[in-house]
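Colleague: This is entry.json, which holds JSON, C-alpha atoms:
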[["chain", "number", "residue", "atom", "x", "y", "z"],
["A", 5, "MET", "CA", 102.40, 196.54, 142.49],
["A", 6, "ASN", "CA", 98.69, 197.13, 141.98],
["A", 7, "GLN", "CA", 98.33, 197.37, 145.76],
["A", 8, "TYR", "CA", 100.39, 200.56, 145.93],
["A", 9, "LYS", "CA", 99.64, 204.13, 144.97],
["A", 10, "ILE", "CA", 101.55, 207.41, 145.22],
["A", 11, "GLU", "CA", 99.93, 210.51, 146.64],
["A", 12, "PRO", "CA", 101.10, 213.76, 148.27],
["A", 13, "LEU", "CA", 101.70, 213.62, 152.01],
["A", 14, "SER", "CA", 99.14, 216.38, 152.58],
["A", 15, "GLN", "CA", 96.49, 214.34, 150.81],
["A", 16, "TYR", "CA", 97.31, 211.26, 152.83],
["A", 17, "ALA", "CA", 97.35, 213.19, 156.11],
["A", 18, "HIS", "CA", 94.39, 215.38, 155.16],
["A", 19, "THR", "CA", 96.33, 218.57, 155.79],
["A", 20, "THR", "CA", 96.74, 221.80, 153.87],
["A", 21, "PRO", "CA", 99.22, 221.29, 151.03],
["A", 22, "PRO", "CA", 102.29, 223.53, 150.97],
["A", 23, "PRO", "CA", 102.50, 226.27, 148.35],
["A", 24, "SER", "CA", 103.65, 225.14, 144.93],
["A", 25, "PRO", "CA", 107.37, 225.66, 144.35],
["A", 26, "GLN", "CA", 108.57, 228.18, 141.81],
["A", 27, "PRO", "CA", 109.31, 226.61, 138.43],
["A", 28, "LEU", "CA", 112.96, 225.86, 137.73],
["A", 29, "ASN", "CA", 114.40, 226.77, 134.36],
["A", 30, "PHE", "CA", 117.19, 224.26, 133.92],
["A", 31, "PRO", "CA", 119.89, 225.39, 131.51],
["A", 32, "VAL", "CA", 120.05, 223.31, 128.35],
["A", 33, "TYR", "CA", 123.07, 221.03, 128.68],
["A", 34, "ASN", "CA", 125.61, 220.91, 125.89],
["A", 35, "SER", "CA", 128.57, 218.56, 126.34],
["A", 36, "ALA", "CA", 130.80, 220.70, 124.09],
["A", 37, "LYS", "CA", 130.04, 223.87, 126.08],
["A", 38, "ALA", "CA", 130.68, 222.00, 129.31],
["A", 39, "LYS", "CA", 134.36, 221.89, 128.33],
["A", 40, "THR", "CA", 134.50, 225.67, 127.96],
["A", 41, "PRO", "CA", 133.89, 228.46, 130.49],
["A", 42, "GLU", "CA", 130.17, 227.83, 129.87],
["A", 43, "PHE", "CA", 130.69, 225.04, 132.40],
["A", 44, "PHE", "CA", 130.41, 227.59, 135.17],
["A", 45, "THR", "CA", 126.86, 228.40, 134.04],
["A", 46, "TYR", "CA", 125.92, 224.83, 134.89],
["A", 47, "LEU", "CA", 127.99, 224.90, 138.07],
["A", 48, "ASN", "CA", 126.32, 228.04, 139.44],
["A", 49, "PHE", "CA", 122.90, 226.61, 138.72],
["A", 50, "MET", "CA", 123.61, 223.33, 140.52],
["A", 51, "LEU", "CA", 125.39, 224.91, 143.48],
["A", 52, "GLN", "CA", 122.14, 226.52, 144.64],
["A", 53, "PHE", "CA", 120.89, 223.05, 145.52],
["A", 54, "CYS", "CA", 124.04, 222.06, 147.42],
["A", 55, "THR", "CA", 124.99, 222.45, 151.05],
["A", 56, "ILE", "CA", 128.49, 223.93, 151.08],
["A", 57, "PRO", "CA", 130.64, 222.47, 153.88],
["A", 58, "LYS", "CA", 131.83, 225.19, 156.23],
["A", 59, "GLU", "CA", 135.42, 224.08, 155.64],
["A", 60, "GLU", "CA", 135.06, 225.30, 152.05],
["A", 61, "ASN", "CA", 133.60, 228.73, 152.79],
["A", 62, "GLY", "CA", 136.99, 230.36, 152.19],
["A", 63, "MET", "CA", 137.27, 228.70, 148.81],
["A", 64, "MET", "CA", 133.75, 229.81, 147.87],
["A", 65, "LYS", "CA", 134.67, 233.40, 148.69],
["A", 66, "ARG", "CA", 137.58, 233.16, 146.28],
["A", 67, "PHE", "CA", 135.30, 231.65, 143.63],
["A", 68, "ALA", "CA", 132.86, 234.53, 144.07],
["A", 69, "GLU", "CA", 135.55, 236.95, 142.86],
["A", 70, "ILE", "CA", 135.25, 235.49, 139.37],
["A", 71, "GLY", "CA", 131.47, 235.03, 139.42],
["A", 72, "ILE", "CA", 131.13, 231.49, 140.73],
["A", 73, "VAL", "CA", 128.19, 232.01, 143.08],
["A", 74, "PRO", "CA", 125.33, 229.57, 143.81],
["A", 75, "GLY", "CA", 122.27, 230.49, 141.77],
["A", 76, "LYS", "CA", 123.88, 233.48, 140.07],
["A", 77, "ALA", "CA", 124.10, 233.80, 136.29],
["A", 78, "PHE", "CA", 127.69, 233.39, 135.11],
["A", 79, "ASP", "CA", 128.55, 235.99, 132.48],
["A", 80, "TYR", "CA", 131.82, 235.13, 130.77],
["A", 81, "SER", "CA", 131.41, 238.02, 128.33],
["A", 82, "THR", "CA", 131.95, 240.66, 131.04],
["A", 83, "MET", "CA", 135.45, 239.41, 131.86],
["A", 84, "SER", "CA", 138.55, 241.16, 130.62],
["A", 85, "ASP", "CA", 140.76, 239.45, 128.04],
["A", 86, "SER", "CA", 143.35, 238.62, 130.69],
["A", 87, "GLU", "CA", 140.68, 237.12, 132.97],
["A", 88, "LYS", "CA", 139.27, 235.05, 130.11],
["A", 89, "LYS", "CA", 142.73, 233.74, 129.25],
["A", 90, "ALA", "CA", 143.46, 232.91, 132.89],
["A", 91, "LEU", "CA", 140.19, 231.00, 133.18],
["A", 92, "ILE", "CA", 140.75, 229.05, 129.99],
["A", 93, "ASP", "CA", 144.38, 228.32, 130.88],
["A", 94, "GLY", "CA", 143.35, 227.20, 134.36],
["A", 95, "MET", "CA", 140.77, 224.79, 133.00],
["A", 96, "ALA", "CA", 143.31, 223.39, 130.53],
["A", 97, "ALA", "CA", 145.91, 222.95, 133.27],
["A", 98, "GLY", "CA", 143.41, 221.16, 135.47],
["A", 99, "GLN", "CA", 142.36, 218.82, 132.67],
["A", 100, "ALA", "CA", 146.00, 218.13, 131.84],
["A", 101, "GLU", "CA", 146.61, 217.13, 135.47],
["A", 102, "LEU", "CA", 143.64, 214.77, 135.39],
["A", 103, "ASP", "CA", 144.75, 213.28, 132.07],
["A", 104, "THR", "CA", 148.24, 212.66, 133.42],
["A", 105, "MET", "CA", 146.92, 210.95, 136.52],
["A", 106, "SER", "CA", 144.47, 208.87, 134.47],
["A", 107, "LYS", "CA", 147.38, 206.99, 132.92],
["A", 108, "THR", "CA", 147.98, 205.08, 136.13],
["A", 109, "ASN", "CA", 145.66, 202.32, 137.31],
["A", 110, "VAL", "CA", 145.04, 202.97, 140.97],
["A", 111, "LYS", "CA", 143.19, 201.42, 143.86],
["A", 112, "ALA", "CA", 140.44, 203.61, 145.25],
["A", 113, "PRO", "CA", 139.94, 202.64, 148.91],
["A", 114, "VAL", "CA", 137.03, 205.04, 149.31],
["A", 115, "LEU", "CA", 134.98, 204.97, 146.14],
["A", 116, "PHE", "CA", 132.57, 207.81, 145.67],
["A", 117, "GLY", "CA", 129.99, 208.78, 148.29],
["A", 118, "THR", "CA", 132.00, 209.54, 151.43],
["A", 119, "SER", "CA", 135.23, 210.42, 149.67],
["A", 120, "SER", "CA", 135.06, 214.13, 150.49],
["A", 121, "ASN", "CA", 135.13, 213.33, 154.19],
["A", 122, "LEU", "CA", 138.47, 211.57, 153.88],
["A", 123, "LEU", "CA", 140.10, 213.24, 150.90],
["A", 124, "LYS", "CA", 139.46, 216.73, 152.25],
["A", 125, "GLU", "CA", 140.94, 219.31, 149.85],
["A", 126, "ASN", "CA", 142.48, 216.73, 147.54],
["A", 127, "TYR", "CA", 140.23, 217.97, 144.73],
["A", 128, "PRO", "CA", 141.89, 216.23, 141.76],
["A", 129, "TYR", "CA", 141.28, 212.83, 143.36],
["A", 130, "ARG", "CA", 137.74, 213.82, 144.26],
["A", 131, "ALA", "CA", 137.12, 214.95, 140.67],
["A", 132, "TYR", "CA", 138.18, 211.57, 139.38],
["A", 133, "ILE", "CA", 135.93, 209.69, 141.77],
["A", 134, "ALA", "CA", 132.97, 211.92, 140.86],
["A", 135, "SER", "CA", 133.61, 211.35, 137.15],
["A", 136, "LYS", "CA", 133.18, 207.61, 137.62],
["A", 137, "ASN", "CA", 130.22, 207.54, 139.98],
["A", 138, "LEU", "CA", 128.74, 210.42, 141.93],
["A", 139, "TYR", "CA", 127.32, 208.27, 144.71],
["A", 140, "GLY", "CA", 128.58, 205.27, 146.61],
["A", 141, "ASN", "CA", 129.64, 203.69, 149.81],
["A", 142, "SER", "CA", 132.46, 203.69, 152.31],
["A", 143, "SER", "CA", 135.54, 201.53, 151.85],
["A", 144, "GLU", "CA", 134.25, 199.12, 154.50],
["A", 145, "GLU", "CA", 131.24, 198.45, 152.26],
["A", 146, "ILE", "CA", 132.82, 198.55, 148.81],
["A", 147, "TRP", "CA", 136.48, 198.73, 147.80],
["A", 148, "GLY", "CA", 137.05, 199.50, 144.14],
["A", 149, "ILE", "CA", 139.88, 199.37, 141.64],
["A", 150, "ILE", "CA", 139.51, 201.27, 138.36],
["A", 151, "TYR", "CA", 141.44, 200.39, 135.21],
["A", 152, "GLU", "CA", 141.61, 202.72, 132.20],
["A", 153, "VAL", "CA", 144.93, 201.46, 130.85],
["A", 154, "SER", "CA", 146.65, 198.11, 130.70],
["A", 155, "ALA", "CA", 149.75, 197.56, 132.77],
["A", 156, "SER", "CA", 151.79, 198.56, 129.72],
["A", 157, "ASN", "CA", 150.13, 201.99, 129.99],
["A", 158, "LYS", "CA", 147.93, 201.57, 126.90],
["A", 159, "LYS", "CA", 144.31, 202.76, 126.98],
["A", 160, "LEU", "CA", 141.79, 199.92, 127.12],
["A", 161, "ASN", "CA", 140.02, 199.42, 123.81],
["A", 162, "GLY", "CA", 137.47, 196.84, 122.74],
["A", 163, "LYS", "CA", 139.42, 196.04, 119.58],
["A", 164, "ASN", "CA", 142.02, 194.36, 121.76],
["A", 165, "GLN", "CA", 142.00, 191.22, 123.90],
["A", 166, "TYR", "CA", 142.93, 191.33, 127.59],
["A", 167, "GLU", "CA", 143.44, 189.00, 130.51],
["A", 168, "LEU", "CA", 142.92, 189.82, 134.17],
["A", 169, "ARG", "CA", 144.88, 187.36, 136.25],
["A", 170, "PHE", "CA", 144.53, 186.49, 139.93],
["A", 171, "GLU", "CA", 147.43, 184.62, 141.51],
["A", 172, "LYS", "CA", 146.94, 181.32, 143.33],
["A", 173, "ASN", "CA", 144.90, 181.65, 146.54],
["A", 174, "ASN", "CA", 144.62, 185.37, 145.87],
["A", 175, "LEU", "CA", 141.03, 185.92, 144.82],
["A", 176, "PRO", "CA", 139.52, 189.10, 146.26],
["A", 177, "PRO", "CA", 139.17, 188.56, 150.04],
["A", 178, "VAL", "CA", 135.59, 189.56, 150.77],
["A", 179, "SER", "CA", 132.85, 188.69, 153.20],
["A", 180, "ALA", "CA", 130.16, 189.20, 150.56],
["A", 181, "PHE", "CA", 131.15, 189.01, 146.88],
["A", 182, "TRP", "CA", 133.15, 190.76, 144.14],
["A", 183, "SER", "CA", 132.29, 191.87, 140.63],
["A", 184, "LEU", "CA", 134.02, 193.15, 137.51],
["A", 185, "SER", "CA", 132.26, 195.54, 135.11],
["A", 186, "ALA", "CA", 133.22, 197.28, 131.86],
["A", 187, "TYR", "CA", 131.85, 200.69, 130.88],
["A", 188, "PRO", "CA", 132.21, 202.61, 127.60],
["A", 189, "VAL", "CA", 134.27, 205.75, 128.17],
["A", 190, "SER", "CA", 132.15, 207.76, 125.73],
["A", 191, "GLN", "CA", 128.90, 207.10, 127.59],
["A", 192, "GLN", "CA", 130.22, 206.63, 131.11],
["A", 193, "PHE", "CA", 127.78, 204.76, 133.38],
["A", 194, "SER", "CA", 124.80, 205.52, 131.13],
["A", 195, "GLY", "CA", 126.34, 203.11, 128.63],
["A", 196, "PHE", "CA", 126.17, 200.13, 130.98],
["A", 197, "ASN", "CA", 124.61, 197.14, 129.27],
["A", 198, "PRO", "CA", 121.22, 196.50, 130.92],
["A", 199, "SER", "CA", 121.47, 192.79, 130.22],
["A", 200, "SER", "CA", 124.63, 192.70, 132.38],
["A", 201, "SER", "CA", 126.73, 191.24, 129.58],
["A", 202, "TYR", "CA", 129.47, 193.71, 130.53],
["A", 203, "THR", "CA", 129.77, 192.42, 134.07],
["A", 204, "ILE", "CA", 130.68, 189.22, 135.85],
["A", 205, "SER", "CA", 130.27, 188.40, 139.51],
["A", 206, "SER", "CA", 131.51, 185.79, 141.95],
["A", 207, "THR", "CA", 127.87, 185.18, 142.90],
["A", 208, "ARG", "CA", 126.75, 184.38, 139.36],
["A", 209, "GLN", "CA", 129.72, 182.72, 137.68],
["A", 210, "SER", "CA", 131.43, 179.39, 138.24],
["A", 211, "PHE", "CA", 134.97, 180.28, 137.25],
["A", 212, "LYS", "CA", 137.43, 177.67, 136.05],
["A", 213, "LEU", "CA", 140.84, 177.81, 137.71],
["A", 214, "ASN", "CA", 144.05, 177.12, 135.80],
["A", 215, "GLU", "CA", 146.06, 173.99, 136.61],
["A", 216, "ASP", "CA", 148.46, 176.06, 138.74],
["A", 217, "GLY", "CA", 145.58, 177.43, 140.83],
["A", 218, "THR", "CA", 145.52, 180.89, 139.25],
["A", 219, "LEU", "CA", 142.38, 182.45, 137.77],
["A", 220, "THR", "CA", 142.41, 184.16, 134.38],
["A", 221, "LEU", "CA", 139.49, 186.26, 133.17],
["A", 222, "TYR", "CA", 139.25, 186.83, 129.42],
["A", 223, "LEU", "CA", 138.12, 190.31, 128.43],
["A", 224, "GLN", "CA", 137.33, 190.61, 124.73],
["A", 225, "GLN", "CA", 134.47, 191.15, 122.30],
["A", 226, "GLN", "CA", 134.83, 187.83, 120.51],
["A", 227, "LYS", "CA", 133.64, 184.68, 122.23],
["A", 228, "PRO", "CA", 136.69, 182.57, 123.17],
["A", 229, "GLY", "CA", 137.02, 178.83, 122.87],
["A", 230, "GLU", "CA", 134.78, 176.54, 124.90],
["A", 231, "GLU", "CA", 137.51, 175.93, 127.48],
["A", 232, "LYS", "CA", 137.63, 179.67, 128.30],
["A", 233, "LEU", "CA", 133.93, 180.45, 128.08],
["A", 234, "SER", "CA", 133.24, 180.21, 131.83],
["A", 235, "ASN", "CA", 135.83, 182.96, 132.46],
["A", 236, "TRP", "CA", 134.83, 185.28, 129.60],
["A", 237, "MET", "CA", 133.46, 188.81, 129.94],
["A", 238, "PRO", "CA", 132.51, 190.74, 126.78],
["A", 239, "VAL", "CA", 133.71, 194.34, 126.60],
["A", 240, "PRO", "CA", 132.25, 197.38, 124.77],
["A", 241, "GLU", "CA", 133.44, 198.62, 121.42],
["A", 242, "GLY", "CA", 136.02, 201.39, 121.48],
["A", 243, "ARG", "CA", 137.56, 202.78, 124.66],
["A", 244, "PHE", "CA", 136.29, 201.47, 127.96],
["A", 245, "PHE", "CA", 137.28, 201.28, 131.61],
["A", 246, "LEU", "CA", 136.98, 198.47, 134.13],
["A", 247, "LEU", "CA", 135.68, 198.63, 137.67],
["A", 248, "LEU", "CA", 136.62, 195.82, 140.04],
["A", 249, "GLN", "CA", 134.50, 196.07, 143.19],
["A", 250, "LEU", "CA", 134.98, 194.17, 146.43],
["A", 251, "TYR", "CA", 131.86, 194.09, 148.59],
["A", 252, "GLN", "CA", 132.55, 193.95, 152.33],
["A", 253, "PRO", "CA", 136.31, 193.64, 151.83],
["A", 254, "LYS", "CA", 138.34, 191.92, 154.51],
["A", 255, "GLU", "CA", 141.00, 193.51, 156.69],
["A", 256, "GLU", "CA", 143.93, 192.84, 154.37],
["A", 257, "VAL", "CA", 142.19, 194.84, 151.64],
["A", 258, "LEU", "CA", 141.43, 197.79, 153.89],
["A", 259, "LYS", "CA", 145.05, 197.85, 155.07],
["A", 260, "GLY", "CA", 146.35, 197.81, 151.49],
["A", 261, "GLN", "CA", 147.93, 194.38, 151.90],
["A", 262, "TRP", "CA", 146.04, 192.66, 149.08],
["A", 263, "PRO", "CA", 147.87, 193.00, 145.75],
["A", 264, "SER", "CA", 145.69, 194.03, 142.84],
["A", 265, "PRO", "CA", 145.48, 191.71, 139.81],
["A", 266, "LYS", "CA", 147.24, 192.33, 136.53],
["A", 267, "ILE", "CA", 145.48, 193.32, 133.31],
["A", 268, "ILE", "CA", 147.46, 192.24, 130.28],
["A", 269, "ARG", "CA", 146.89, 193.14, 126.65],
["A", 270, "MET", "CA", 147.29, 189.82, 124.86],
["A", 271, "ASN", "CA", 147.48, 190.97, 121.23],
["A", 272, "ASN", "CA", 150.53, 193.19, 121.82],
["A", 273, "SER", "CA", 153.54, 190.91, 122.00],
["A", 274, "SER", "CA", 155.98, 193.82, 122.19],
["A", 275, "SER", "CA", 154.72, 194.97, 125.58],
["A", 276, "GLN", "CA", 155.60, 193.41, 128.89],
["A", 277, "ASP", "CA", 152.76, 194.11, 131.29],
["A", 278, "SER", "CA", 153.04, 194.15, 135.06],
["A", 279, "ALA", "CA", 150.84, 194.91, 138.03],
["A", 280, "SER", "CA", 149.08, 198.24, 138.35],
["A", 281, "VAL", "CA", 151.10, 201.18, 139.65],
["A", 282, "SER", "CA", 150.15, 202.93, 142.88],
["A", 283, "LEU", "CA", 150.13, 206.66, 143.43],
["A", 284, "PRO", "CA", 151.58, 208.07, 146.67],
["A", 285, "VAL", "CA", 149.40, 207.82, 149.74],
["A", 286, "TYR", "CA", 147.59, 211.07, 150.40],
["A", 287, "PRO", "CA", 148.99, 212.21, 153.77],
["A", 288, "LYS", "CA", 145.73, 213.29, 155.41],
["A", 289, "LEU", "CA", 144.03, 209.93, 155.03],
["A", 290, "LYS", "CA", 143.80, 207.37, 157.80],
["A", 291, "GLN", "CA", 143.83, 204.62, 155.19],
["A", 292, "PRO", "CA", 146.00, 204.35, 152.08],
["A", 293, "ALA", "CA", 144.55, 206.31, 149.17],
["A", 294, "LEU", "CA", 145.72, 205.21, 145.78],
["A", 295, "ILE", "CA", 143.37, 207.03, 143.48],
["A", 296, "ARG", "CA", 143.58, 208.16, 139.87],
["A", 297, "THR", "CA", 141.90, 211.11, 138.21],
["A", 298, "ALA", "CA", 139.42, 211.72, 135.43],
["A", 299, "TYR", "CA", 139.42, 211.07, 131.72],
["A", 300, "ARG", "CA", 138.15, 213.03, 128.73]]
As structure tokens, what does this structure read like?

Modeller:
Amino acid sequence: MNQYKIEPLSQYAHTTPPPSPQPLNFPVYNSAKAKTPEFFTYLNFMLQFCTIPKEENGMMKRFAEIGIVPGKAFDYSTMSDSEKKALIDGMAAGQAELDTMSKTNVKAPVLFGTSSNLLKENYPYRAYIASKNLYGNSSEEIWGIIYEVSASNKKLNGKNQYELRFEKNNLPPVSAFWSLSAYPVSQQFSGFNPSSSYTISSTRQSFKLNEDGTLTLYLQQQKPGEEKLSNWMPVPEGRFFLLLQLYQPKEEVLKGQWPSPKIIRMNNSSSQDSASVSLPVYPKLKQPALIRTAYR
């Protein structure tokens, strides 16, 4: 590393440096305000740095009618009472839709980065993908499955014990590798454990198969018995979600022919878990889209 240094391009090329940019006054972020109409203050500020696709110009014109304009200050106080109520009600309705969709574990064939190209105006699905990871790859590179609830429709929580079970000869079909990670809901990806104790990977673990050829992964805070240790992944305290990623998935995955594994809550004998439920295929996609939307 001592052999490298960073310097401006103009200094390296011995050219005249460009004029200094104007200072940017970033608005102070407040997570509580972000759930109120103050959100649009942040949105307007960030939109000035975005390239708006021409397909969404019509939508941006509609947004401008209520003050959503790139780089413009958003003044909620100038709205009439009816406009304020409509804005608040609209935000609540949108969040309710996302919360409803978040109760279903869904495959996401195009995770993150290129999703807008395929999902088009399916904004609820796009909002969910963005809430999990703003950037990413195409489905041919990474196929992901997100779990926020067990198959009995209970939110995942570190106080419980879970099993993720792959049927015989049904490990993720990939040309590269697959991984499973757990993230705290409260901190999203910033809460990822840097020591990687909240992730396991087919490249790093030697998993032990059951006698019937199935593979069971044990997801819990407490260390299990020695016979289960090779298949154990610790999980965060409190609510969390799981991300199962398949790197360079094979054709049966891309065609939606590979069945997703089950996640079963083991310390809830009254529930009978089953495989994850799939949402309807979005009609404008060339590939099946089974995607779920954001959480609080």

Colleague: Closest to Ser142 of chain A among A:Leu223, A:Ala36, A:Leu258, A:Ile10, using only C-alpha atoms?

Modeller: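 Distance minimum relative to Ser142 of chain A lands on A:Leu258.
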
Colleague: Check the smallest atom-to-atom distance from each of A:Pro74, A:Asn29, A:Gly98, A:Lys39 to Ile56 of chain A using only C-alpha atoms, then report the winner.

Modeller: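 Nearest candidate to Ile56 of chain A out of A:Pro74, A:Asn29, A:Gly98, A:Lys39: A:Pro74.
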
Colleague: How many Å lie between atom CA of Gln224 of chain A and atom CA of Phe211 of chain A, rounded to one decimal?

Modeller: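 We find that atom CA of Gln224 of chain A and atom CA of Phe211 of chain A lie 16.4 Å from each other.
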
Colleague: Can you work out which one of A:Thr55, A:Phe44, A:Ser185, A:Trp147 has the shortest atom-to-atom distance to Met95 of chain A, counting all atoms listed in the file?

Modeller: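 For Met95 of chain A, the nearest of the given residues is A:Phe44.
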
Colleague: In Å to one decimal, how far is atom CA of Thr40 of chain A from atom CA of Met83 of chain A?

Modeller: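 Pair atom CA of Met83 of chain A / atom CA of Thr40 of chain A returns 14.3 Å.
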
Colleague: What gap, in Å, lies between atom CA of Pro240 of chain A and atom CA of Ile267 of chain A?

Modeller: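 Between atom CA of Pro240 of chain A and atom CA of Ile267 of chain A the gap works out to 16.3 Å.
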
Colleague: Residues within 12 Å of Asn173 of chain A, please, as a ChimeraX atom specification. Count only C-alpha atoms; anything in the same chain fewer than 5 positions from it doesn't count.

Modeller: /A:213-214,216-219,262-263

Colleague: If we count only C-alpha atoms and set the cut-off at 8 Å, which residues sit around segment 241-254 of chain A, ignoring sequence neighbours fewer than 5 positions away in its own chain? Please answer as a PDB file with C-alpha atoms, in the coordinates of the input.

Modeller:
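File produced: result_1.pdb:
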ATOM      1  CA  SER A 143     135.540 201.530 151.850  1.00  0.00           C
ATOM      2  CA  GLU A 144     134.250 199.120 154.500  1.00  0.00           C
ATOM      3  CA  GLU A 145     131.240 198.450 152.260  1.00  0.00           C
ATOM      4  CA  ILE A 146     132.820 198.550 148.810  1.00  0.00           C
ATOM      5  CA  TRP A 147     136.480 198.730 147.800  1.00  0.00           C
ATOM      6  CA  GLY A 148     137.050 199.500 144.140  1.00  0.00           C
ATOM      7  CA  ILE A 149     139.880 199.370 141.640  1.00  0.00           C
ATOM      8  CA  ILE A 150     139.510 201.270 138.360  1.00  0.00           C
ATOM      9  CA  TYR A 151     141.440 200.390 135.210  1.00  0.00           C
ATOM     10  CA  GLU A 152     141.610 202.720 132.200  1.00  0.00           C
ATOM     11  CA  VAL A 153     144.930 201.460 130.850  1.00  0.00           C
ATOM     12  CA  LYS A 159     144.310 202.760 126.980  1.00  0.00           C
ATOM     13  CA  LEU A 160     141.790 199.920 127.120  1.00  0.00           C
ATOM     14  CA  ASN A 161     140.020 199.420 123.810  1.00  0.00           C
ATOM     15  CA  GLY A 162     137.470 196.840 122.740  1.00  0.00           C
ATOM     16  CA  LYS A 163     139.420 196.040 119.580  1.00  0.00           C
ATOM     17  CA  PRO A 176     139.520 189.100 146.260  1.00  0.00           C
ATOM     18  CA  PRO A 177     139.170 188.560 150.040  1.00  0.00           C
ATOM     19  CA  VAL A 178     135.590 189.560 150.770  1.00  0.00           C
ATOM     20  CA  SER A 179     132.850 188.690 153.200  1.00  0.00           C
ATOM     21  CA  ALA A 180     130.160 189.200 150.560  1.00  0.00           C
ATOM     22  CA  PHE A 181     131.150 189.010 146.880  1.00  0.00           C
ATOM     23  CA  TRP A 182     133.150 190.760 144.140  1.00  0.00           C
ATOM     24  CA  SER A 183     132.290 191.870 140.630  1.00  0.00           C
ATOM     25  CA  LEU A 184     134.020 193.150 137.510  1.00  0.00           C
ATOM     26  CA  SER A 185     132.260 195.540 135.110  1.00  0.00           C
ATOM     27  CA  ALA A 186     133.220 197.280 131.860  1.00  0.00           C
ATOM     28  CA  TYR A 187     131.850 200.690 130.880  1.00  0.00           C
ATOM     29  CA  PRO A 188     132.210 202.610 127.600  1.00  0.00           C
ATOM     30  CA  VAL A 189     134.270 205.750 128.170  1.00  0.00           C
ATOM     31  CA  SER A 190     132.150 207.760 125.730  1.00  0.00           C
ATOM     32  CA  GLN A 225     134.470 191.150 122.300  1.00  0.00           C
TER      33      GLN A 225
END

Colleague: Which residue, A:Pro41, A:Ser234, A:Met50, A:Ser154, has the smallest gap to Gly94 of chain A when you use all atoms listed in the file?

Modeller: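 Smallest separation from Gly94 of chain A among the options: A:Pro41.
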
Colleague: Counting all atoms listed in the file, figure out which residue out of A:Tyr166, A:Tyr33, A:Tyr127, A:Tyr222 gets nearest to Met63 of chain A.

Modeller: A:Tyr127

Colleague: Specify the axis-aligned box that encloses all atoms of segment 142-148 of chain A listed in the file after padding of 8 Å on each side, stating its centre and edge lengths in Å to one decimal as lines of an AutoDock Vina configuration file.

Modeller:
center_x = 134.1
center_y = 201.1
center_z = 149.3
size_x = 21.8
size_y = 21.2
size_z = 26.4

Colleague: Can you fill out segment 88-101 of chain A with N, CA and C atoms and hand it back as an mmCIF file, in the frame of the given file?

Modeller:
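Result file follows (result_6.cif):
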data_model
loop_
_atom_site.group_PDB
_atom_site.id
_atom_site.type_symbol
_atom_site.label_atom_id
_atom_site.label_comp_id
_atom_site.auth_asym_id
_atom_site.auth_seq_id
_atom_site.Cartn_x
_atom_site.Cartn_y
_atom_site.Cartn_z
ATOM 1 N N LYS A 88 139.719 236.165 130.951
ATOM 2 C CA LYS A 88 139.270 235.050 130.110
ATOM 3 C C LYS A 88 140.399 234.065 129.845
ATOM 4 N N LYS A 89 141.582 234.606 129.530
ATOM 5 C CA LYS A 89 142.730 233.740 129.250
ATOM 6 C C LYS A 89 143.118 232.941 130.492
ATOM 7 N N ALA A 90 143.099 233.597 131.652
ATOM 8 C CA ALA A 90 143.460 232.910 132.890
ATOM 9 C C ALA A 90 142.485 231.781 133.191
ATOM 10 N N LEU A 91 141.199 232.023 132.933
ATOM 11 C CA LEU A 91 140.190 231.000 133.180
ATOM 12 C C LEU A 91 140.369 229.815 132.249
ATOM 13 N N ILE A 92 140.572 230.111 130.971
ATOM 14 C CA ILE A 92 140.750 229.050 129.990
ATOM 15 C C ILE A 92 142.038 228.270 130.270
ATOM 16 N N ASP A 93 143.113 228.982 130.577
ATOM 17 C CA ASP A 93 144.380 228.320 130.880
ATOM 18 C C ASP A 93 144.266 227.463 132.132
ATOM 19 N N GLY A 94 143.523 227.967 133.127
ATOM 20 C CA GLY A 94 143.350 227.200 134.360
ATOM 21 C C GLY A 94 142.578 225.921 134.130
ATOM 22 N N MET A 95 141.544 225.999 133.313
ATOM 23 C CA MET A 95 140.770 224.790 133.000
ATOM 24 C C MET A 95 141.627 223.780 132.246
ATOM 25 N N ALA A 96 142.439 224.283 131.312
ATOM 26 C CA ALA A 96 143.310 223.390 130.530
ATOM 27 C C ALA A 96 144.351 222.731 131.417
ATOM 28 N N ALA A 97 144.901 223.506 132.361
ATOM 29 C CA ALA A 97 145.910 222.950 133.270
ATOM 30 C C ALA A 97 145.298 221.880 134.169
ATOM 31 N N GLY A 98 144.078 222.150 134.637
ATOM 32 C CA GLY A 98 143.410 221.160 135.470
ATOM 33 C C GLY A 98 143.115 219.880 134.720
ATOM 34 N N GLN A 99 142.637 220.006 133.477
ATOM 35 C CA GLN A 99 142.360 218.820 132.670
ATOM 36 C C GLN A 99 143.632 218.052 132.359
ATOM 37 N N ALA A 100 144.725 218.788 132.116
ATOM 38 C CA ALA A 100 146.000 218.130 131.840
ATOM 39 C C ALA A 100 146.463 217.320 133.047
ATOM 40 N N GLU A 101 146.239 217.861 134.242
ATOM 41 C CA GLU A 101 146.610 217.130 135.470
ATOM 42 C C GLU A 101 145.790 215.849 135.588
#
